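K.L.:
Pasting a structure here, questions to come.
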Amino acid sequence: MMAILWLLSLSLPTLGAHVLISCAYKSLCQLSLLSGNDVVLQCDHPRALWYFSSILEEDTLLLSSMPNIKKLPGGGLQLTNPQPSQTGLYSCQDNDNALVVEYEIDFQDVTNLHITHKDLGQKPLQNETLDLGGRVLMFTHWEPWQDCNRCGEPGERKRLGYCYIQEEPLEKPLPCRLYLGQEKVESRLMQPELQVESCLVPCNPIKEINQPYFIFDSYQLSKLTNSMWLTCPLASIYR
Ligand SMILES: *[C@@H]1O[C@H](CO)[C@@H](O)[C@H](O)[C@H]1NC(C)=O
């Protein structure tokens with residue numbers, strides 16, 4: 001008997017265990033996501049053709065038979081357990097090869113997630129400036145805090161952050177790998193972050209609590225594994 005144990009935590013709107021990503025017709029959306037977490041890229045065209053160009057290689061591939069990628073009947077593309085190596089441009093075209101929608105996605109490595117608890121004095125990663133011919137700012141771009149996991153008593157809330165690079169203060173920042181392409185950079189900031197803090201909110205029976213989850217590790221337990229020691233990275237003095 002094999003059992004898979006998922007270690008779960010927060011994140012985004014989901015369809016089953018999939019995060020749904022959408023983008024306006026004929027637009028390019030650039031975003032960062034966590035590797036290891038299933039996503040569906042939406043493309044509203046029943047006979048969609050999907051192409052992929054990796055950030056690490058020059059080739060453009062017609063996506064039809066990659067083991068962890070599946071085209072859905074409505075036109076969407078389902079990526080199961082996407083890897084950082086699958087960072088790149090996903091382009092959806094109609095059967096006349098006209099662009100329907102494009103996604104440029106930086107799958108940041110969830111196995112390197114940097115976890116800190118604000119109220120235990122743990123500091124998130126600090127901004128850095130890099131010299132890449134010109135100076136650029138590398139920083140963690142935070143998503144909004146999730147809702148508190150308890151009400152009427154002390155609880156915790158979380159937020160996710162991704163590595164971004166910005167050239168000038170007023171320019172739009174880009175996910176690090178999309179900015180860097182194949183360029184190698186040694187920096188601790190080249191990883192996603194999770195921050196936890198304590199919270200105390202009154203109960204509001206009308207409000208729906210928004211605590212989506214993400215997977216940051218999974219273990220397969222088998223007969224060969226007699227016993228296993230699991231340490232929960234989010235275990236805390238508040239629970
Ligand atoms: C890091 O840079 C971002 C983007 O410019 C900025 O919003 C943030 O306040 C900076 N953080 C610190 C601690 O300077």
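Ordering of the structure tokens sets the chain letters (A, B, ...), residue numbers begin anew at 1 in every chain, and ligands are numbered from 1 in the order given.
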How would you write, as a list in words, the set of residues no farther than 9 Å from ligand 1 when counting only C-alpha atoms and all ligand atoms?
P.N.:
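Counting only C-alpha atoms and all ligand atoms, the residues within 9 Å of ligand 1 come out as Leu125, Gln126, Asn127, Glu128, Leu137, Met138, Phe139, Thr140, His141, Tyr164, Ile165, Gln166, Glu168, Pro169, Leu170 and Pro173 of chain A.
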K.L.:
Tell me, which residues of segment 14-185 of chain A carry DSSP strand (DSSP E), written as a tab-separated table (two decimals) with N, CA, C and O atoms, in the first residue's frame?
P.N.:
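Final output, saved to selection_7.tsv:
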chain	number	residue	atom	x	y	z
A	14	THR	N	-9.00	27.85	-6.79
A	14	THR	CA	-8.65	26.51	-7.25
A	14	THR	C	-9.83	25.81	-7.90
A	14	THR	O	-10.99	26.09	-7.64
A	15	LEU	N	-9.51	24.88	-8.79
A	15	LEU	CA	-10.49	23.98	-9.39
A	15	LEU	C	-10.01	22.61	-8.95
A	15	LEU	O	-9.01	22.14	-9.43
A	18	HIS	N	-6.36	22.37	-8.58
A	18	HIS	CA	-5.66	23.20	-9.56
A	18	HIS	C	-5.91	24.67	-9.35
A	18	HIS	O	-7.03	25.08	-9.10
A	19	VAL	N	-4.87	25.44	-9.49
A	19	VAL	CA	-5.02	26.88	-9.50
A	19	VAL	C	-5.35	27.29	-10.93
A	19	VAL	O	-4.71	26.84	-11.87
A	20	LEU	N	-6.40	28.08	-11.09
A	20	LEU	CA	-6.80	28.54	-12.43
A	20	LEU	C	-6.15	29.88	-12.73
A	20	LEU	O	-6.25	30.81	-11.94
A	21	ILE	N	-5.50	29.96	-13.88
A	21	ILE	CA	-4.85	31.21	-14.27
A	21	ILE	C	-5.52	31.70	-15.54
A	21	ILE	O	-5.67	30.95	-16.50
A	28	LEU	N	-0.56	39.18	-23.18
A	28	LEU	CA	0.52	38.42	-22.55
A	28	LEU	C	0.48	38.71	-21.06
A	28	LEU	O	0.51	39.87	-20.65
A	29	CYS	N	0.39	37.66	-20.24
A	29	CYS	CA	0.45	37.84	-18.79
A	29	CYS	C	1.74	37.23	-18.27
A	29	CYS	O	2.04	36.08	-18.59
A	30	GLN	N	2.48	38.00	-17.50
A	30	GLN	CA	3.73	37.51	-16.92
A	30	GLN	C	3.52	37.32	-15.43
A	30	GLN	O	3.07	38.24	-14.76
A	31	LEU	N	3.83	36.14	-14.94
A	31	LEU	CA	3.60	35.91	-13.52
A	31	LEU	C	4.55	34.87	-12.95
A	31	LEU	O	5.21	34.14	-13.69
A	32	SER	N	4.59	34.83	-11.62
A	32	SER	CA	5.37	33.79	-10.97
A	32	SER	C	4.41	32.90	-10.20
A	32	SER	O	3.40	33.36	-9.67
A	33	LEU	N	4.75	31.62	-10.16
A	33	LEU	CA	3.95	30.62	-9.45
A	33	LEU	C	4.91	29.69	-8.73
A	33	LEU	O	6.10	29.67	-9.02
A	34	LEU	N	4.35	28.91	-7.79
A	34	LEU	CA	5.19	27.93	-7.10
A	34	LEU	C	5.29	26.66	-7.92
A	34	LEU	O	4.28	26.15	-8.40
A	39	VAL	N	-1.48	23.70	-11.99
A	39	VAL	CA	-2.19	24.88	-12.49
A	39	VAL	C	-2.90	24.54	-13.80
A	39	VAL	O	-2.53	23.61	-14.50
A	40	VAL	N	-3.93	25.32	-14.10
A	40	VAL	CA	-4.58	25.26	-15.41
A	40	VAL	C	-4.48	26.65	-16.02
A	40	VAL	O	-4.90	27.64	-15.42
A	41	LEU	N	-3.85	26.72	-17.20
A	41	LEU	CA	-3.78	27.98	-17.93
A	41	LEU	C	-5.00	28.04	-18.83
A	41	LEU	O	-5.23	27.14	-19.63
A	49	LEU	N	-4.21	25.36	-29.92
A	49	LEU	CA	-2.90	24.73	-30.02
A	49	LEU	C	-1.99	25.47	-29.05
A	49	LEU	O	-1.93	26.70	-29.06
A	50	TRP	N	-1.27	24.69	-28.24
A	50	TRP	CA	-0.39	25.31	-27.25
A	50	TRP	C	1.07	25.13	-27.65
A	50	TRP	O	1.48	24.03	-28.02
A	51	TYR	N	1.83	26.21	-27.57
A	51	TYR	CA	3.27	26.15	-27.84
A	51	TYR	C	4.02	26.58	-26.59
A	51	TYR	O	3.53	27.39	-25.82
A	52	PHE	N	5.20	26.02	-26.43
A	52	PHE	CA	6.01	26.36	-25.25
A	52	PHE	C	7.43	26.70	-25.68
A	52	PHE	O	8.04	25.96	-26.43
A	53	SER	N	7.93	27.85	-25.26
A	53	SER	CA	9.37	28.10	-25.42
A	53	SER	C	9.98	28.28	-24.06
A	53	SER	O	9.60	29.16	-23.28
A	54	SER	N	10.94	27.41	-23.77
A	54	SER	CA	11.60	27.42	-22.47
A	54	SER	C	12.49	28.65	-22.36
A	54	SER	O	13.03	29.13	-23.35
A	60	THR	N	11.05	26.11	-29.70
A	60	THR	CA	9.62	26.23	-29.41
A	60	THR	C	8.99	24.87	-29.69
A	60	THR	O	9.22	24.28	-30.74
A	61	LEU	N	8.22	24.38	-28.73
A	61	LEU	CA	7.62	23.05	-28.87
A	61	LEU	C	6.12	23.17	-28.99
A	61	LEU	O	5.50	23.98	-28.31
A	62	LEU	N	5.54	22.33	-29.84
A	62	LEU	CA	4.09	22.18	-29.83
A	62	LEU	C	3.78	21.23	-28.68
A	62	LEU	O	4.30	20.12	-28.62
A	69	ILE	N	1.81	17.45	-18.82
A	69	ILE	CA	1.02	18.53	-19.40
A	69	ILE	C	-0.12	17.95	-20.22
A	69	ILE	O	0.09	17.04	-21.01
A	70	LYS	N	-1.32	18.46	-19.98
A	70	LYS	CA	-2.48	17.90	-20.66
A	70	LYS	C	-3.37	19.03	-21.20
A	70	LYS	O	-3.63	20.00	-20.49
A	71	LYS	N	-3.80	18.88	-22.44
A	71	LYS	CA	-4.72	19.86	-23.00
A	71	LYS	C	-6.14	19.48	-22.59
A	71	LYS	O	-6.55	18.34	-22.74
A	77	LEU	N	-4.85	24.46	-20.57
A	77	LEU	CA	-3.67	23.59	-20.45
A	77	LEU	C	-3.43	23.30	-18.99
A	77	LEU	O	-3.30	24.21	-18.17
A	78	GLN	N	-3.39	21.99	-18.67
A	78	GLN	CA	-3.21	21.59	-17.28
A	78	GLN	C	-1.78	21.13	-17.05
A	78	GLN	O	-1.30	20.23	-17.74
A	79	LEU	N	-1.10	21.77	-16.10
A	79	LEU	CA	0.27	21.37	-15.77
A	79	LEU	C	0.25	20.72	-14.40
A	79	LEU	O	-0.15	21.35	-13.42
A	88	GLY	N	8.88	29.56	-18.68
A	88	GLY	CA	8.96	30.00	-20.07
A	88	GLY	C	7.63	30.53	-20.57
A	88	GLY	O	6.74	30.85	-19.78
A	89	LEU	N	7.52	30.59	-21.89
A	89	LEU	CA	6.36	31.19	-22.54
A	89	LEU	C	5.40	30.12	-23.03
A	89	LEU	O	5.78	29.25	-23.82
A	90	TYR	N	4.16	30.19	-22.56
A	90	TYR	CA	3.10	29.28	-22.99
A	90	TYR	C	2.14	30.08	-23.85
A	90	TYR	O	1.53	31.03	-23.38
A	91	SER	N	2.04	29.68	-25.12
A	91	SER	CA	1.29	30.49	-26.06
A	91	SER	C	0.15	29.66	-26.63
A	91	SER	O	0.35	28.54	-27.11
A	92	CYS	N	-1.06	30.20	-26.54
A	92	CYS	CA	-2.23	29.49	-27.04
A	92	CYS	C	-2.68	30.13	-28.35
A	92	CYS	O	-2.93	31.34	-28.40
A	93	GLN	N	-2.77	29.33	-29.40
A	93	GLN	CA	-3.17	29.84	-30.71
A	93	GLN	C	-4.41	29.11	-31.20
A	93	GLN	O	-4.66	27.98	-30.80
A	99	LEU	N	-2.89	34.28	-32.39
A	99	LEU	CA	-2.71	34.25	-30.95
A	99	LEU	C	-4.04	34.42	-30.21
A	99	LEU	O	-4.82	35.32	-30.53
A	100	VAL	N	-4.29	33.55	-29.24
A	100	VAL	CA	-5.47	33.73	-28.38
A	100	VAL	C	-5.03	34.35	-27.05
A	100	VAL	O	-5.55	35.36	-26.61
A	101	VAL	N	-4.02	33.74	-26.44
A	101	VAL	CA	-3.52	34.28	-25.17
A	101	VAL	C	-2.12	33.71	-24.90
A	101	VAL	O	-1.78	32.62	-25.39
A	102	GLU	N	-1.31	34.47	-24.15
A	102	GLU	CA	0.04	34.00	-23.81
A	102	GLU	C	0.33	34.19	-22.33
A	102	GLU	O	-0.07	35.21	-21.75
A	103	TYR	N	1.02	33.23	-21.77
A	103	TYR	CA	1.43	33.31	-20.37
A	103	TYR	C	2.94	33.12	-20.31
A	103	TYR	O	3.45	32.14	-20.84
A	104	GLU	N	3.62	34.05	-19.66
A	104	GLU	CA	5.03	33.82	-19.40
A	104	GLU	C	5.16	33.58	-17.91
A	104	GLU	O	4.85	34.46	-17.09
A	105	ILE	N	5.58	32.37	-17.57
A	105	ILE	CA	5.50	31.95	-16.17
A	105	ILE	C	6.87	31.56	-15.63
A	105	ILE	O	7.61	30.81	-16.25
A	106	ASP	N	7.17	32.11	-14.45
A	106	ASP	CA	8.37	31.74	-13.72
A	106	ASP	C	7.93	30.78	-12.60
A	106	ASP	O	7.32	31.22	-11.63
A	107	PHE	N	8.21	29.49	-12.77
A	107	PHE	CA	7.89	28.52	-11.71
A	107	PHE	C	9.04	28.55	-10.69
A	107	PHE	O	10.10	28.00	-10.93
A	108	GLN	N	8.80	29.22	-9.58
A	108	GLN	CA	9.87	29.36	-8.58
A	108	GLN	C	9.88	28.12	-7.68
A	108	GLN	O	8.83	27.56	-7.36
A	114	HIS	N	11.51	29.87	1.43
A	114	HIS	CA	12.11	30.47	2.63
A	114	HIS	C	10.99	30.89	3.57
A	114	HIS	O	10.21	31.78	3.26
A	115	ILE	N	10.89	30.21	4.71
A	115	ILE	CA	9.76	30.41	5.61
A	115	ILE	C	10.19	31.19	6.85
A	115	ILE	O	11.17	30.82	7.50
A	116	THR	N	9.47	32.26	7.15
A	116	THR	CA	9.80	33.03	8.35
A	116	THR	C	8.52	33.36	9.12
A	116	THR	O	7.45	33.53	8.53
A	117	HIS	N	8.65	33.45	10.43
A	117	HIS	CA	7.54	33.84	11.30
A	117	HIS	C	7.85	35.22	11.87
A	117	HIS	O	8.80	35.39	12.62
A	128	GLU	N	18.13	43.41	-2.54
A	128	GLU	CA	19.53	43.47	-2.97
A	128	GLU	C	19.60	44.27	-4.25
A	128	GLU	O	18.67	44.25	-5.04
A	129	THR	N	20.73	44.94	-4.47
A	129	THR	CA	20.95	45.48	-5.81
A	129	THR	C	22.00	44.64	-6.49
A	129	THR	O	22.97	44.19	-5.87
A	130	LEU	N	21.77	44.37	-7.78
A	130	LEU	CA	22.68	43.54	-8.56
A	130	LEU	C	23.26	44.40	-9.66
A	130	LEU	O	22.59	45.29	-10.16
A	131	ASP	N	24.48	44.10	-10.04
A	131	ASP	CA	25.06	44.78	-11.18
A	131	ASP	C	25.05	43.85	-12.37
A	131	ASP	O	25.81	42.90	-12.44
A	135	ARG	N	22.57	48.69	-12.81
A	135	ARG	CA	22.13	48.22	-11.49
A	135	ARG	C	20.63	47.94	-11.51
A	135	ARG	O	19.85	48.73	-12.04
A	136	VAL	N	20.25	46.79	-10.95
A	136	VAL	CA	18.82	46.47	-10.84
A	136	VAL	C	18.52	46.06	-9.40
A	136	VAL	O	19.41	45.64	-8.66
A	137	LEU	N	17.27	46.21	-9.02
A	137	LEU	CA	16.85	45.85	-7.67
A	137	LEU	C	16.19	44.48	-7.70
A	137	LEU	O	15.31	44.21	-8.50
A	138	MET	N	16.65	43.61	-6.79
A	138	MET	CA	16.05	42.29	-6.65
A	138	MET	C	15.35	42.25	-5.30
A	138	MET	O	15.94	42.63	-4.29
A	139	PHE	N	14.10	41.84	-5.30
A	139	PHE	CA	13.35	41.87	-4.04
A	139	PHE	C	12.24	40.83	-4.05
A	139	PHE	O	11.90	40.27	-5.10
A	140	THR	N	11.67	40.58	-2.87
A	140	THR	CA	10.51	39.68	-2.78
A	140	THR	C	9.25	40.51	-2.93
A	140	THR	O	9.02	41.46	-2.18
A	141	HIS	N	8.44	40.13	-3.91
A	141	HIS	CA	7.17	40.81	-4.14
A	141	HIS	C	6.09	39.99	-3.43
A	141	HIS	O	5.85	38.84	-3.77
A	142	TRP	N	5.46	40.58	-2.42
A	142	TRP	CA	4.52	39.83	-1.57
A	142	TRP	C	3.10	39.86	-2.12
A	142	TRP	O	2.61	40.90	-2.54
A	155	GLY	N	-4.81	33.50	16.23
A	155	GLY	CA	-4.57	32.59	15.11
A	155	GLY	C	-3.35	33.03	14.33
A	155	GLY	O	-2.54	33.83	14.83
A	156	GLU	N	-3.24	32.53	13.13
A	156	GLU	CA	-2.12	32.90	12.27
A	156	GLU	C	-2.61	33.18	10.86
A	156	GLU	O	-3.63	32.66	10.43
A	157	ARG	N	-1.85	33.98	10.16
A	157	ARG	CA	-2.13	34.16	8.74
A	157	ARG	C	-0.82	34.14	7.97
A	157	ARG	O	0.25	34.30	8.55
A	158	LYS	N	-0.94	33.93	6.67
A	158	LYS	CA	0.24	33.70	5.85
A	158	LYS	C	0.18	34.53	4.58
A	158	LYS	O	-0.88	34.94	4.14
A	159	ARG	N	1.34	34.72	4.02
A	159	ARG	CA	1.39	35.29	2.67
A	159	ARG	C	2.60	34.73	1.94
A	159	ARG	O	3.59	34.33	2.55
A	160	LEU	N	2.45	34.71	0.62
A	160	LEU	CA	3.51	34.18	-0.24
A	160	LEU	C	4.22	35.33	-0.91
A	160	LEU	O	3.60	36.36	-1.20
A	161	GLY	N	5.49	35.17	-1.19
A	161	GLY	CA	6.24	36.18	-1.93
A	161	GLY	C	7.11	35.52	-2.98
A	161	GLY	O	7.56	34.39	-2.82
A	162	TYR	N	7.33	36.26	-4.06
A	162	TYR	CA	8.14	35.74	-5.17
A	162	TYR	C	9.28	36.68	-5.48
A	162	TYR	O	9.17	37.89	-5.28
A	163	CYS	N	10.35	36.10	-6.03
A	163	CYS	CA	11.52	36.88	-6.44
A	163	CYS	C	11.19	37.72	-7.67
A	163	CYS	O	10.72	37.18	-8.69
A	164	TYR	N	11.41	39.03	-7.58
A	164	TYR	CA	11.18	39.95	-8.70
A	164	TYR	C	12.39	40.86	-8.90
A	164	TYR	O	13.14	41.11	-7.96
A	165	ILE	N	12.53	41.34	-10.11
A	165	ILE	CA	13.59	42.29	-10.43
A	165	ILE	C	12.98	43.53	-11.05
A	165	ILE	O	12.09	43.45	-11.88
A	166	GLN	N	13.52	44.69	-10.63
A	166	GLN	CA	13.04	45.96	-11.14
A	166	GLN	C	14.24	46.79	-11.59
A	166	GLN	O	15.22	46.92	-10.86
A	174	LEU	N	9.64	42.45	-12.91
A	174	LEU	CA	9.40	41.16	-13.57
A	174	LEU	C	9.85	40.02	-12.67
A	174	LEU	O	10.82	40.16	-11.93
A	175	PRO	N	9.17	38.86	-12.76
A	175	PRO	CA	9.66	37.69	-12.04
A	175	PRO	C	11.13	37.43	-12.41
A	175	PRO	O	11.51	37.59	-13.57
K.L.:
Check the DSSP output for the backbone and give back, as a list in words, the residues of segment 6-200 of chain A in alpha helix (DSSP H).
P.N.:
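Alpha helix (DSSP H) members of segment 6-200 of chain A, listed: Cys176, Arg177, Leu178, Tyr179 and Leu180 of chain A.
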K.L.:
Go ahead and write the residues just picked, N, CA, C and O atoms, as a PDB file, in the first residue's frame.
P.N.:
ATOM      1  N   CYS A 176      11.948  37.081 -11.408  1.00  0.00           N
ATOM      2  CA  CYS A 176      13.409  37.056 -11.603  1.00  0.00           C
ATOM      3  C   CYS A 176      13.859  36.264 -12.817  1.00  0.00           C
ATOM      4  O   CYS A 176      14.645  36.743 -13.622  1.00  0.00           O
ATOM      5  N   ARG A 177      13.367  35.042 -12.957  1.00  0.00           N
ATOM      6  CA  ARG A 177      13.872  34.205 -14.043  1.00  0.00           C
ATOM      7  C   ARG A 177      13.444  34.750 -15.402  1.00  0.00           C
ATOM      8  O   ARG A 177      14.179  34.632 -16.377  1.00  0.00           O
ATOM      9  N   LEU A 178      12.289  35.398 -15.471  1.00  0.00           N
ATOM     10  CA  LEU A 178      11.845  35.989 -16.737  1.00  0.00           C
ATOM     11  C   LEU A 178      12.738  37.163 -17.093  1.00  0.00           C
ATOM     12  O   LEU A 178      13.048  37.415 -18.255  1.00  0.00           O
ATOM     13  N   TYR A 179      13.184  37.896 -16.097  1.00  0.00           N
ATOM     14  CA  TYR A 179      14.090  39.014 -16.346  1.00  0.00           C
ATOM     15  C   TYR A 179      15.471  38.498 -16.737  1.00  0.00           C
ATOM     16  O   TYR A 179      16.086  38.982 -17.684  1.00  0.00           O
ATOM     17  N   LEU A 180      15.945  37.498 -16.013  1.00  0.00           N
ATOM     18  CA  LEU A 180      17.336  37.061 -16.182  1.00  0.00           C
ATOM     19  C   LEU A 180      17.547  36.160 -17.386  1.00  0.00           C
ATOM     20  O   LEU A 180      18.658  36.077 -17.905  1.00  0.00           O
TER      21      LEU A 180
END
K.L.:
Tell me which protein, DNA and RNA residues are within 12 Å of Asp96 of chain A, counting only C-alpha atoms, leaving out same-chain ones fewer than 5 positions away, and put them as a ChimeraX atom specification.
P.N.:
/A:45,47-49
K.L.:
Check which residues of segment 178-224 of chain A sit at most 10 Å from segment 120-123 of chain A using only C-alpha atoms, and return one row each with the closest pair of atoms and their distance in Å to one decimal, ordered by chain and rising number, as a tab-separated table.
P.N.:
residue	atom	partner	partner_atom	distance
A:Gln195	CA	A:Lys123	CA	9.0
A:Val196	CA	A:Leu120	CA	9.4
A:Glu197	CA	A:Leu120	CA	8.5
A:Ser198	CA	A:Leu120	CA	9.6
K.L.:
Selected residues, C-alpha atoms, written as a PDB file, in the first residue's frame, please.
P.N.:
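File written: again_14.pdb
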ATOM      1  CA  GLN A 195       5.750  34.614   5.869  1.00  0.00           C
ATOM      2  CA  VAL A 196       3.580  33.827   8.883  1.00  0.00           C
ATOM      3  CA  GLU A 197       2.294  36.208  11.536  1.00  0.00           C
ATOM      4  CA  SER A 198      -0.123  36.021  14.439  1.00  0.00           C
TER       5      SER A 198
END
